[in-house]
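Novice: As input, take coords07.txt (compact mmCIF, C-alpha atoms and all ligand atoms):
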# COMPACT_ATOMS: atom_id res chain seq x y z
CA MET Y 1 1.29 38.00 58.24
CA ASN Y 2 0.25 35.97 61.36
CA SER Y 3 1.12 32.30 61.75
CA ILE Y 4 -2.32 31.09 60.66
CA MET Y 5 -2.16 33.07 57.42
CA MET Y 6 1.40 31.86 56.90
CA ARG Y 7 0.36 28.22 57.34
CA ARG Y 8 -2.63 28.67 54.94
CA THR Y 9 -0.38 30.20 52.31
CA LEU Y 10 2.10 27.33 52.63
CA VAL Y 11 -0.72 24.72 52.36
CA LEU Y 12 -2.16 26.36 49.24
CA ALA Y 13 1.32 26.61 47.72
CA ALA Y 14 1.94 22.90 48.48
CA LEU Y 15 -1.41 21.99 46.88
CA ALA Y 16 -0.55 24.03 43.80
CA VAL Y 17 2.80 22.24 43.47
CA ALA Y 18 1.12 18.83 43.99
CA LEU Y 19 -1.41 19.71 41.28
CA VAL Y 20 1.33 20.64 38.81
CA VAL Y 21 3.36 17.53 39.66
CA SER Y 22 0.35 15.22 39.26
CA ALA Y 23 -0.59 16.91 35.98
CA LEU Y 24 2.97 16.44 34.72
CA SER Y 25 3.17 12.85 35.96
CA ASN Y 26 -0.17 12.09 34.27
CA ALA Y 27 1.14 13.56 31.06
CA PHE Y 28 4.26 11.39 31.25
CA ALA Y 29 2.43 8.40 32.62
CA GLN Y 30 -0.15 8.62 29.82
CA ASP Y 31 -0.50 5.06 28.66
CA THR Y 32 1.65 4.43 25.63
CA ILE Y 33 -0.66 3.33 22.85
CA THR Y 34 0.16 0.23 20.84
CA LEU Y 35 -0.06 0.57 17.08
CA ARG Y 36 -0.54 -2.92 15.69
CA LEU Y 37 0.10 -3.10 11.95
CA SER Y 38 -0.79 -6.20 9.93
CA THR Y 39 0.53 -6.72 6.41
CA PRO Y 40 0.91 -9.67 4.04
CA ALA Y 41 4.32 -8.22 3.20
CA THR Y 42 7.50 -9.74 4.56
CA GLU Y 43 9.68 -8.07 7.21
CA THR Y 44 12.33 -7.35 4.55
CA ASP Y 45 9.94 -5.71 2.09
CA GLN Y 46 11.03 -2.06 1.73
CA ARG Y 47 7.65 -0.78 2.88
CA SER Y 48 7.94 -2.87 6.06
CA VAL Y 49 11.52 -1.76 6.59
CA ALA Y 50 10.61 1.91 6.15
CA LEU Y 51 7.75 1.76 8.66
CA ALA Y 52 9.92 -0.11 11.19
CA THR Y 53 12.98 2.13 10.85
CA VAL Y 54 11.30 5.52 10.26
CA PHE Y 55 7.72 5.49 11.53
CA GLY Y 56 8.28 3.41 14.70
CA PRO Y 57 11.10 5.49 16.18
CA ALA Y 58 9.38 8.77 15.25
CA VAL Y 59 6.31 8.00 17.39
CA ALA Y 60 8.12 6.11 20.17
CA ASP Y 61 7.54 8.88 22.76
CA PHE Y 62 3.85 8.04 22.97
CA ALA Y 63 3.26 4.91 20.89
CA THR Y 64 4.67 1.43 20.44
CA TYR Y 65 4.71 0.44 16.78
CA GLN Y 66 3.99 -3.32 16.60
CA PRO Y 67 4.24 -4.78 13.06
CA HIS Y 68 2.90 -8.23 12.14
CA TYR Y 69 4.24 -9.55 8.81
CA ASN Y 70 3.19 -12.26 6.33
CA ALA Y 71 -0.47 -11.71 7.24
CA SER Y 72 0.32 -13.36 10.59
CA LEU Y 73 -2.20 -11.24 12.56
CA VAL Y 74 -4.95 -10.46 10.01
CA ALA Y 75 -5.59 -12.15 6.65
CA GLN Y 76 -4.75 -10.11 3.53
CA GLY Y 77 -7.75 -8.01 2.55
CA SER Y 78 -9.31 -8.07 6.04
CA GLU Y 79 -7.14 -5.37 7.60
CA LEU Y 80 -9.43 -2.41 6.92
CA GLU Y 81 -12.36 -4.15 8.57
CA ALA Y 82 -10.14 -5.04 11.53
CA ILE Y 83 -9.20 -1.37 11.91
CA ALA Y 84 -12.86 -0.35 11.65
CA THR Y 85 -13.78 -2.76 14.46
CA GLY Y 86 -10.88 -1.70 16.69
CA ASP Y 87 -8.96 -5.00 16.32
CA LEU Y 88 -6.06 -3.35 14.47
CA GLU Y 89 -4.60 0.15 14.35
CA MET Y 90 -2.64 0.24 11.05
CA SER Y 91 -2.26 -1.46 7.69
CA ILE Y 92 -0.56 -1.04 4.33
CA ALA Y 93 -3.87 -0.80 2.49
CA SER Y 94 -4.51 -1.06 -1.24
CA ALA Y 95 -6.92 0.90 -3.45
CA GLN Y 96 -8.27 -2.48 -4.54
CA GLU Y 97 -9.20 -3.35 -0.93
CA LEU Y 98 -10.78 0.09 -0.44
CA ALA Y 99 -12.71 -0.45 -3.69
CA THR Y 100 -14.54 -3.36 -2.06
CA PHE Y 101 -16.09 -0.77 0.31
CA PHE Y 102 -16.07 2.26 -1.99
CA PRO Y 103 -16.05 1.32 -5.71
CA GLU Y 104 -14.74 4.74 -6.72
CA PHE Y 105 -11.33 3.76 -5.33
CA SER Y 106 -10.97 1.43 -8.33
CA ILE Y 107 -9.80 4.46 -10.31
CA PHE Y 108 -6.47 4.23 -8.43
CA ALA Y 109 -6.29 0.51 -9.18
CA THR Y 110 -6.89 0.83 -12.93
CA GLY Y 111 -4.25 -0.38 -15.31
CA TYR Y 112 -2.02 2.26 -16.93
CA VAL Y 113 -3.49 5.23 -15.01
CA HIS Y 114 -0.69 6.18 -12.61
CA GLN Y 115 2.45 6.91 -14.63
CA ASP Y 116 5.13 6.71 -11.93
CA ALA Y 117 5.84 7.14 -8.20
CA ALA Y 118 5.92 10.95 -8.37
CA HIS Y 119 2.55 10.95 -10.14
CA GLN Y 120 1.12 8.87 -7.29
CA VAL Y 121 2.31 11.47 -4.76
CA ARG Y 122 0.87 14.38 -6.74
CA VAL Y 123 -2.48 12.61 -6.99
CA PHE Y 124 -2.57 11.67 -3.29
CA ASN Y 125 -1.76 15.24 -2.24
CA ASP Y 126 -4.15 16.87 -4.73
CA PRO Y 127 -7.55 18.24 -3.54
CA LEU Y 128 -9.19 15.64 -5.80
CA MET Y 129 -8.23 13.12 -3.12
CA ASP Y 130 -10.07 14.93 -0.28
CA PRO Y 131 -13.55 13.41 -0.88
CA PHE Y 132 -11.98 9.95 -1.14
CA LYS Y 133 -10.10 10.38 2.15
CA GLN Y 134 -13.15 11.89 3.85
CA THR Y 135 -15.38 8.99 2.85
CA VAL Y 136 -12.94 6.45 4.28
CA GLU Y 137 -12.63 8.39 7.53
CA GLU Y 138 -16.35 8.96 8.00
CA GLU Y 139 -17.67 5.59 6.84
CA LEU Y 140 -14.86 3.18 7.76
CA GLY Y 141 -13.09 4.99 10.60
CA VAL Y 142 -9.78 4.78 8.74
CA LYS Y 143 -7.42 7.66 8.01
CA LEU Y 144 -5.19 7.44 4.93
CA LEU Y 145 -1.99 9.15 6.06
CA ALA Y 146 0.34 8.71 3.09
CA VAL Y 147 0.77 6.95 -0.25
CA MET Y 148 3.42 4.23 -0.49
CA TYR Y 149 5.09 3.08 -3.70
CA LEU Y 150 4.78 -0.65 -4.29
CA GLY Y 151 6.21 -0.53 -7.81
CA ARG Y 152 5.53 -1.40 -11.43
CA ARG Y 153 3.65 -4.66 -11.70
CA HIS Y 154 4.77 -7.01 -14.49
CA VAL Y 155 3.69 -10.43 -15.71
CA ASN Y 156 5.98 -13.10 -14.19
CA LEU Y 157 5.58 -16.65 -15.58
CA ARG Y 158 6.81 -20.17 -14.79
CA PHE Y 159 7.46 -20.84 -18.51
CA PRO Y 160 10.48 -19.81 -20.59
CA ARG Y 161 9.91 -17.39 -23.46
CA SER Y 162 10.29 -20.26 -25.92
CA GLU Y 163 7.05 -21.74 -24.50
CA LYS Y 164 5.12 -18.49 -23.80
CA ASN Y 165 6.22 -15.24 -25.39
CA ILE Y 166 4.13 -12.44 -23.89
CA MET Y 167 4.21 -9.55 -26.37
CA THR Y 168 0.50 -8.65 -26.51
CA PRO Y 169 -2.62 -9.39 -24.41
CA GLU Y 170 -3.56 -12.11 -26.90
CA ASP Y 171 -0.45 -14.01 -25.76
CA LEU Y 172 -1.93 -14.26 -22.26
CA ALA Y 173 -5.02 -16.15 -23.49
CA GLY Y 174 -5.46 -19.25 -21.34
CA VAL Y 175 -2.68 -18.30 -18.93
CA ASN Y 176 -3.72 -19.03 -15.34
CA LEU Y 177 -2.46 -15.79 -13.74
CA ARG Y 178 -2.66 -15.46 -9.97
CA MET Y 179 -4.06 -12.09 -8.95
CA PRO Y 180 -5.00 -10.90 -5.44
CA GLY Y 181 -8.53 -11.74 -4.38
CA THR Y 182 -10.62 -8.60 -4.73
CA ASP Y 183 -12.80 -7.78 -7.76
CA ALA Y 184 -10.64 -4.90 -8.96
CA TRP Y 185 -7.61 -7.21 -9.09
CA GLN Y 186 -9.49 -9.99 -10.84
CA PHE Y 187 -10.77 -7.49 -13.38
CA LEU Y 188 -7.24 -6.27 -14.06
CA GLY Y 189 -6.11 -9.85 -14.65
CA LYS Y 190 -8.88 -10.33 -17.21
CA ALA Y 191 -8.15 -6.93 -18.79
CA LEU Y 192 -4.57 -8.11 -19.36
CA GLY Y 193 -5.96 -11.04 -21.36
CA ALA Y 194 -5.31 -13.77 -18.79
CA ASN Y 195 -7.48 -16.12 -16.74
CA PRO Y 196 -7.08 -14.67 -13.20
CA THR Y 197 -6.99 -16.96 -10.16
CA PRO Y 198 -7.68 -15.31 -6.75
CA MET Y 199 -5.06 -16.24 -4.15
CA ALA Y 200 -3.53 -14.75 -1.02
CA PHE Y 201 -0.04 -13.31 -1.39
CA THR Y 202 1.43 -15.75 1.15
CA GLU Y 203 0.38 -18.72 -1.03
CA VAL Y 204 1.92 -17.50 -4.28
CA TYR Y 205 5.40 -19.02 -3.99
CA THR Y 206 4.07 -22.56 -3.41
CA ALA Y 207 1.47 -22.16 -6.16
CA LEU Y 208 4.21 -21.22 -8.64
CA GLN Y 209 6.45 -24.04 -7.38
CA THR Y 210 3.74 -26.69 -7.76
CA GLY Y 211 2.37 -25.27 -11.01
CA SER Y 212 -1.13 -24.66 -9.64
CA VAL Y 213 -0.81 -21.26 -11.29
CA ASP Y 214 1.12 -20.31 -14.44
CA GLY Y 215 2.31 -16.98 -13.12
CA GLN Y 216 1.78 -13.93 -10.95
CA ASP Y 217 2.14 -10.17 -11.25
CA ASN Y 218 4.19 -8.15 -8.81
CA PRO Y 219 6.91 -5.50 -9.01
CA LEU Y 220 10.56 -6.59 -9.34
CA PRO Y 221 11.37 -5.81 -5.67
CA THR Y 222 8.61 -8.21 -4.60
CA VAL Y 223 9.73 -10.89 -7.08
CA VAL Y 224 13.15 -10.77 -5.40
CA ASP Y 225 12.07 -10.24 -1.78
CA SER Y 226 9.59 -13.14 -1.92
CA LYS Y 227 11.97 -15.22 -4.08
CA PHE Y 228 9.44 -15.77 -6.88
CA PHE Y 229 12.44 -15.78 -9.25
CA GLU Y 230 13.33 -19.22 -7.84
CA VAL Y 231 10.15 -20.71 -9.31
CA THR Y 232 9.63 -18.62 -12.47
CA LYS Y 233 11.46 -18.26 -15.79
CA GLN Y 234 10.45 -14.93 -17.33
CA ILE Y 235 9.15 -11.43 -16.76
CA SER Y 236 7.35 -9.51 -19.50
CA LEU Y 237 7.78 -5.87 -18.44
CA THR Y 238 4.10 -4.95 -18.92
CA SER Y 239 4.16 -2.20 -16.20
CA HIS Y 240 0.40 -2.70 -16.27
CA LEU Y 241 -0.08 -1.06 -12.88
CA VAL Y 242 2.21 1.44 -11.17
CA ASP Y 243 1.00 0.10 -7.89
CA LEU Y 244 0.51 1.90 -4.60
CA ASN Y 245 -0.55 1.32 -1.02
CA TYR Y 246 -1.80 3.71 1.64
CA VAL Y 247 -0.60 3.95 5.23
CA ALA Y 248 -3.98 3.29 6.85
CA PHE Y 249 -4.46 4.43 10.47
CA SER Y 250 -7.31 4.04 12.95
CA LYS Y 251 -9.42 7.24 13.08
CA ALA Y 252 -10.46 6.38 16.65
CA VAL Y 253 -6.81 6.28 17.74
CA TRP Y 254 -6.06 9.43 15.71
CA ASP Y 255 -8.86 11.29 17.51
CA SER Y 256 -7.43 10.24 20.89
CA LEU Y 257 -4.09 11.90 20.14
CA THR Y 258 -3.09 15.46 20.98
CA PRO Y 259 -2.62 17.83 18.02
CA GLU Y 260 1.15 17.54 18.49
CA GLN Y 261 0.98 13.74 18.49
CA GLN Y 262 -1.22 13.80 15.37
CA ALA Y 263 1.34 16.01 13.61
CA THR Y 264 4.10 13.59 14.63
CA VAL Y 265 2.17 10.56 13.34
CA GLN Y 266 1.36 12.34 10.05
CA LYS Y 267 4.97 13.35 9.42
CA ALA Y 268 6.26 9.91 10.46
CA ALA Y 269 3.94 8.23 7.95
CA GLU Y 270 5.00 10.61 5.15
CA ASP Y 271 8.69 10.20 5.96
CA ALA Y 272 8.37 6.41 6.04
CA ALA Y 273 6.49 6.41 2.74
CA GLU Y 274 9.20 8.56 1.12
CA ALA Y 275 12.00 6.34 2.48
CA GLY Y 276 10.23 3.22 1.20
CA ARG Y 277 9.56 4.88 -2.16
CA GLN Y 278 13.21 5.72 -2.74
CA ALA Y 279 14.26 2.22 -1.69
CA GLN Y 280 11.79 0.56 -4.06
CA LEU Y 281 12.78 2.85 -6.95
CA GLY Y 282 16.44 2.06 -6.35
CA LEU Y 283 15.70 -1.65 -6.40
CA GLU Y 284 13.66 -1.39 -9.60
CA ASP Y 285 16.68 0.19 -11.29
CA GLU Y 286 19.05 -2.59 -10.32
CA LEU Y 287 16.97 -5.78 -10.19
CA VAL Y 288 16.68 -6.50 -13.94
CA ALA Y 289 20.41 -7.30 -13.98
CA PHE Y 290 20.14 -9.37 -10.79
CA LEU Y 291 17.19 -11.38 -12.12
CA GLU Y 292 18.91 -12.01 -15.47
CA GLU Y 293 21.89 -13.34 -13.49
CA GLN Y 294 19.41 -15.74 -11.84
CA GLY Y 295 18.53 -16.99 -15.32
CA LEU Y 296 15.23 -15.18 -15.92
CA GLU Y 297 14.41 -13.82 -19.38
CA ILE Y 298 13.27 -10.21 -18.98
CA TYR Y 299 11.91 -8.28 -21.93
CA GLU Y 300 9.65 -5.43 -22.96
CA PRO Y 301 6.36 -6.38 -24.68
CA ASP Y 302 4.30 -4.26 -27.05
CA LEU Y 303 3.39 -1.67 -24.40
CA LYS Y 304 1.10 0.25 -26.77
CA ALA Y 305 -0.92 -2.90 -27.42
CA PHE Y 306 -1.17 -3.66 -23.69
CA ARG Y 307 -2.04 -0.08 -22.69
CA GLU Y 308 -4.74 0.35 -25.36
CA HIS Y 309 -6.26 -3.08 -24.73
CA VAL Y 310 -6.32 -2.79 -20.93
CA GLN Y 311 -7.74 0.75 -20.91
CA ALA Y 312 -10.44 -0.25 -23.41
CA GLN Y 313 -11.60 -3.02 -21.04
CA TYR Y 314 -12.54 -0.47 -18.35
CA VAL Y 315 -14.76 1.64 -20.65
CA GLY Y 316 -18.43 1.05 -19.81
CA THR Y 317 -17.73 -1.08 -16.74
CA GLU Y 318 -19.24 -0.66 -13.28
CA PHE Y 319 -15.78 0.38 -12.11
CA ALA Y 320 -15.66 3.32 -14.57
CA ALA Y 321 -19.29 4.16 -13.71
CA SER Y 322 -18.25 4.60 -10.05
CA TRP Y 323 -15.52 7.16 -10.83
CA PRO Y 324 -16.52 10.70 -9.81
CA GLU Y 325 -17.02 12.97 -12.85
CA GLY Y 326 -13.78 14.48 -14.09
CA VAL Y 327 -11.43 12.70 -11.68
CA LEU Y 328 -9.73 10.58 -14.36
CA GLU Y 329 -9.05 13.74 -16.35
CA GLN Y 330 -7.65 15.44 -13.22
CA ILE Y 331 -5.39 12.42 -12.57
CA ASN Y 332 -4.17 12.46 -16.17
CA ALA Y 333 -3.54 16.21 -15.95
CA LEU Y 334 -1.25 15.57 -12.94
CA GLY Y 335 0.83 13.17 -15.04
CA ASP Y 336 3.90 14.12 -17.04
CA ASN Y 337 2.81 12.95 -20.45
C1 LIG Y 401 -0.29 -9.07 -3.92
O1 LIG Y 401 -1.02 -9.76 -3.18
O2 LIG Y 401 0.14 -9.42 -5.04
C2 LIG Y 401 0.07 -7.66 -3.42
O3 LIG Y 401 1.09 -7.11 -4.23
C3 LIG Y 401 -1.18 -6.79 -3.46
C4 LIG Y 401 -0.85 -5.45 -2.81
O4 LIG Y 401 -2.00 -4.64 -2.73
C5 LIG Y 401 -0.32 -5.66 -1.42
O5 LIG Y 401 -1.33 -6.25 -0.58
C6 LIG Y 401 0.89 -6.60 -1.47
O6 LIG Y 401 0.53 -7.84 -2.08
C7 LIG Y 401 1.40 -6.92 -0.09
O7 LIG Y 401 1.75 -5.72 0.57
C8 LIG Y 401 2.61 -7.87 -0.19
O8 LIG Y 401 3.64 -7.24 -0.93
Have the structure of the file written as structure tokens, please.

Specialist:
Amino acid sequence: MNSIMMRRTLVLAALAVALVVSALSNAFAQDTITLRLSTPATETDQRSVALATVFGPAVADFATYQPHYNASLVAQGSELEAIATGDLEMSIASAQELATFFPEFSIFATGYVHQDAAHQVRVFNDPLMDPFKQTVEEELGVKLLAVMYLGRRHVNLRFPRSEKNIMTPEDLAGVNLRMPGTDAWQFLGKALGANPTPMAFTEVYTALQTGSVDGQDNPLPTVVDSKFFEVTKQISLTSHLVDLNYVAFSKAVWDSLTPEQQATVQKAAEDAAEAGRQAQLGLEDELVAFLEEQGLEIYEPDLKAFREHVQAQYVGTEFAASWPEGVLEQINALGDN
């Protein structure tokens, strides 16, 4: 090979190496995306802890997980819209919030439908969920990655049992019960027999302390984590909603990821949801004793009376009318009993 050919071969080889190096450097230099999450939950809430300790590290190669707690970045109930407009990438969404956009989601926010955490997982992973997920992706630009366990919601009041003994829905007549702001929540408050007051989660402690509300409803882990037990006297274990959240993720960001990165994000969300679920379940088992030590009276009401009354309130409502044919039966079939 003469010197000219030799030189040409060397130049082409150098170009090929440069091309590979630049391609590799681009791949590594790909901007790390920032995943801002906004939640009204505290930093110590088990769902927050699970996302920070499981999800964040799992995606760290290509994304920076950036949580904002106590609704410090986006007001509670406005997160989904913020994701849709590109002002947020993640949230711990509720079926009640989704129901403000898509009424059919109220089926997952209906009292006494989900039976327990495992039932929630079976429902979320069942094909019945596909049209719900698809609608949210196509119309809101939000991907629901996993279902999180918030816990069994109970009625938690400022009064001792001697003043207000909550055994049946009739006992809640006239009780000013704080419920989250959306229609599905307010309806649940009424279905329980109470007078619901809409209020953001971050205002609940002060409202209980000052007496501007008579009570609130949240699972035991939340009652402890947000210290509601300091300003309340009793918990009637109504279990009126085995409550859930969804790990909500920006579809636009999802579509910008490689298939490998998408698989990593999906698994990280599922692993975080499972870690948070086990933590919440563990707390629910042990917190009755802790709360009784704090002086709260904790007791089981007439669950049959509550279940029958609450479920009867949904019959014939616009919520029930929005439920796709047969879905409630499919959800019930996925339950244990
Ligand atoms: C609440 O405002 O009572 C609620 O429990 C509603 C849930 O959907 C969820 O928003 C939750 O607050 C927050 O995650 C704080 O725990």

Novice: So which residues are near ligand LIG 401 (chain Y), meaning at most 7 Å away with only C-alpha atoms and all ligand atoms counted, given back as a PyMOL selection string?

Specialist: chain Y and resi 39-41+76+92-94+96+179-180+200-201+217-218+222+245

Novice: Work out how far atom CA of Ser226 of chain Y is from atom CA of His309 of chain Y, in Å to one decimal.

Specialist: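 That distance, rounded to one decimal, is 29.5 Å.
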
Novice: Go ahead and compute the interatomic distance for atom CA of Leu287 of chain Y and atom CA of Ala118 of chain Y, in Å to one decimal.

Specialist: 20.1 Å

Novice: For segment 119-140 of chain Y versus segment 257-278 of chain Y, which residues have an atom no more than 12 Å away, and what is each residue's nearest atom pair and distance in Å rounded to one decimal, using all atoms listed in the file, chain-then-number order, as CSV?

Specialist:
residue,atom,partner,partner_atom,distance
Y:Gln120,CA,Y:Arg277,CA,10.7
Y:Val121,CA,Y:Glu274,CA,9.5
Y:Phe124,CA,Y:Glu270,CA,11.4
Y:Asn125,CA,Y:Glu270,CA,11.0

Novice: What is the distance between atom CA of Ile166 of chain Y and atom CA of Leu237 of chain Y, in Å to one decimal?

Specialist: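 For atom CA of Ile166 of chain Y relative to atom CA of Leu237 of chain Y, the distance reads 9.3 Å.
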
Novice: Could you name the residues that touch Asp336 of chain Y at 9 Å or less, counting only C-alpha atoms, but leaving out those on the same chain fewer than 3 positions away, as an MDAnalysis selection string?

Specialist: chainID Y and resid 115 119 332:333

Novice: Quick one: residues within 9 Å of Asp243 of chain Y, only C-alpha atoms counted, chain neighbours fewer than 6 positions away excluded, as a VMD selection string?

Specialist: chain Y and resid 94 108 to 109 114 116 to 117 120 148 to 153 218 to 219

Novice: Taking all atoms listed in the file into account, name the residue in Y:Val288, Y:Leu208, Y:Ile107, Y:Ala58 that is nearest to Glu329 of chain Y.

Specialist: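 The shortest atom-to-atom distance to Glu329 of chain Y comes from Y:Ile107.
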
Novice: Skip Ser78 of chain Y itself and residues of its chain fewer than 4 positions away, then list as a ChimeraX atom specification all residues within 10 Å of it, counting all atoms listed in the file.

Specialist: /Y:38-39,71,74,82-83,91,93,97

Novice: Write out, as an mmCIF file, in the frame of the given file, the residues just selected, with C-alpha atoms.

Specialist:
data_model
loop_
_atom_site.group_PDB
_atom_site.id
_atom_site.type_symbol
_atom_site.label_atom_id
_atom_site.label_comp_id
_atom_site.auth_asym_id
_atom_site.auth_seq_id
_atom_site.Cartn_x
_atom_site.Cartn_y
_atom_site.Cartn_z
ATOM 1 C CA SER Y 38 -0.790 -6.200 9.930
ATOM 2 C CA THR Y 39 0.530 -6.720 6.410
ATOM 3 C CA ALA Y 71 -0.470 -11.710 7.240
ATOM 4 C CA VAL Y 74 -4.950 -10.460 10.010
ATOM 5 C CA ALA Y 82 -10.140 -5.040 11.530
ATOM 6 C CA ILE Y 83 -9.200 -1.370 11.910
ATOM 7 C CA SER Y 91 -2.260 -1.460 7.690
ATOM 8 C CA ALA Y 93 -3.870 -0.800 2.490
ATOM 9 C CA GLU Y 97 -9.200 -3.350 -0.930
#

Novice: What lies within 12 Å of Glu137 of chain Y using only C-alpha atoms, ignoring chain neighbours under 5 positions off, as a count of residues only?

Specialist: 20

Novice: Please provide the set of residues having any atom within 9 Å of Phe159 of chain Y, restricted to all atoms listed in the file, with same-chain residues fewer than 5 positions apart removed, written as a list in words.

Specialist: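 Here the qualifying residues turn out to be Lys164, Asn165, Asp214, Gly215, Thr232, Lys233 and Gln234 of chain Y.
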
Novice: Kindly export the residues of the current selection with C-alpha atoms, as a short mmCIF file (atom, residue, chain, number, x, y, z; two decimals), keeping the file's coordinate frame.

Specialist:
data_model
loop_
_atom_site.label_atom_id
_atom_site.label_comp_id
_atom_site.auth_asym_id
_atom_site.auth_seq_id
_atom_site.Cartn_x
_atom_site.Cartn_y
_atom_site.Cartn_z
CA LYS Y 164 5.12 -18.49 -23.80
CA ASN Y 165 6.22 -15.24 -25.39
CA ASP Y 214 1.12 -20.31 -14.44
CA GLY Y 215 2.31 -16.98 -13.12
CA THR Y 232 9.63 -18.62 -12.47
CA LYS Y 233 11.46 -18.26 -15.79
CA GLN Y 234 10.45 -14.93 -17.33
#

Novice: Which is closest to Arg161 of chain Y among Y:Asp285, Y:Glu300, Y:Asp225, Y:Glu293, if we use all atoms listed in the file?

Specialist: Y:Glu300

Novice: Given only C-alpha atoms as the basis, pick out the residue of Y:Gly141, Y:Gly193, Y:Gly111, Y:Gly282 nearest to Asp171 of chain Y.

Specialist: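 Checking each of Y:Gly141, Y:Gly193, Y:Gly111, Y:Gly282 against Asp171 of chain Y, counting only C-alpha atoms, the winner is Y:Gly193.
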
Novice: Of the candidates Y:Glu292, Y:Val223, Y:Leu140, Y:Tyr65, which one gets nearest to Thr53 of chain Y if we count all atoms listed in the file?

Specialist: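 Once distances to Thr53 of chain Y are computed over all atoms listed in the file, the minimum belongs to Y:Tyr65.
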
Novice: Since the input lacks some atoms of segment 269-274 of chain Y, please model all heavy atoms and print them as a JSON list (two decimals), in the frame of the given file.

Specialist:
[["chain", "number", "residue", "atom", "x", "y", "z"],
["Y", 269, "ALA", "N", 4.49, 9.06, 9.04],
["Y", 269, "ALA", "CA", 3.94, 8.23, 7.95],
["Y", 269, "ALA", "C", 4.47, 8.73, 6.60],
["Y", 269, "ALA", "O", 4.89, 7.94, 5.74],
["Y", 269, "ALA", "CB", 2.43, 8.27, 7.97],
["Y", 270, "GLU", "N", 4.50, 10.05, 6.42],
["Y", 270, "GLU", "CA", 5.00, 10.61, 5.15],
["Y", 270, "GLU", "C", 6.50, 10.32, 4.97],
["Y", 270, "GLU", "O", 6.93, 9.94, 3.88],
["Y", 270, "GLU", "CB", 4.74, 12.12, 5.12],
["Y", 270, "GLU", "CG", 3.26, 12.47, 4.96],
["Y", 270, "GLU", "CD", 2.97, 13.95, 5.20],
["Y", 270, "GLU", "OE1", 3.91, 14.72, 5.53],
["Y", 270, "GLU", "OE2", 1.79, 14.33, 5.08],
["Y", 271, "ASP", "N", 7.25, 10.46, 6.04],
["Y", 271, "ASP", "CA", 8.69, 10.20, 5.96],
["Y", 271, "ASP", "C", 8.97, 8.73, 5.67],
["Y", 271, "ASP", "O", 9.85, 8.38, 4.88],
["Y", 271, "ASP", "CB", 9.39, 10.61, 7.27],
["Y", 271, "ASP", "CG", 9.40, 12.12, 7.48],
["Y", 271, "ASP", "OD1", 9.03, 12.87, 6.54],
["Y", 271, "ASP", "OD2", 9.74, 12.57, 8.61],
["Y", 272, "ALA", "N", 8.20, 7.85, 6.29],
["Y", 272, "ALA", "CA", 8.37, 6.41, 6.04],
["Y", 272, "ALA", "C", 8.00, 6.08, 4.60],
["Y", 272, "ALA", "O", 8.70, 5.35, 3.90],
["Y", 272, "ALA", "CB", 7.51, 5.60, 7.01],
["Y", 273, "ALA", "N", 6.91, 6.67, 4.12],
["Y", 273, "ALA", "CA", 6.49, 6.41, 2.74],
["Y", 273, "ALA", "C", 7.56, 6.88, 1.76],
["Y", 273, "ALA", "O", 7.86, 6.18, 0.79],
["Y", 273, "ALA", "CB", 5.16, 7.12, 2.46],
["Y", 274, "GLU", "N", 8.15, 8.03, 2.01],
["Y", 274, "GLU", "CA", 9.20, 8.56, 1.12],
["Y", 274, "GLU", "C", 10.43, 7.67, 1.17],
["Y", 274, "GLU", "O", 11.02, 7.34, 0.13],
["Y", 274, "GLU", "CB", 9.55, 9.98, 1.50],
["Y", 274, "GLU", "CG", 10.70, 10.61, 0.69],
["Y", 274, "GLU", "CD", 10.45, 10.64, -0.82],
["Y", 274, "GLU", "OE1", 9.30, 10.42, -1.25],
["Y", 274, "GLU", "OE2", 11.44, 10.85, -1.57]]
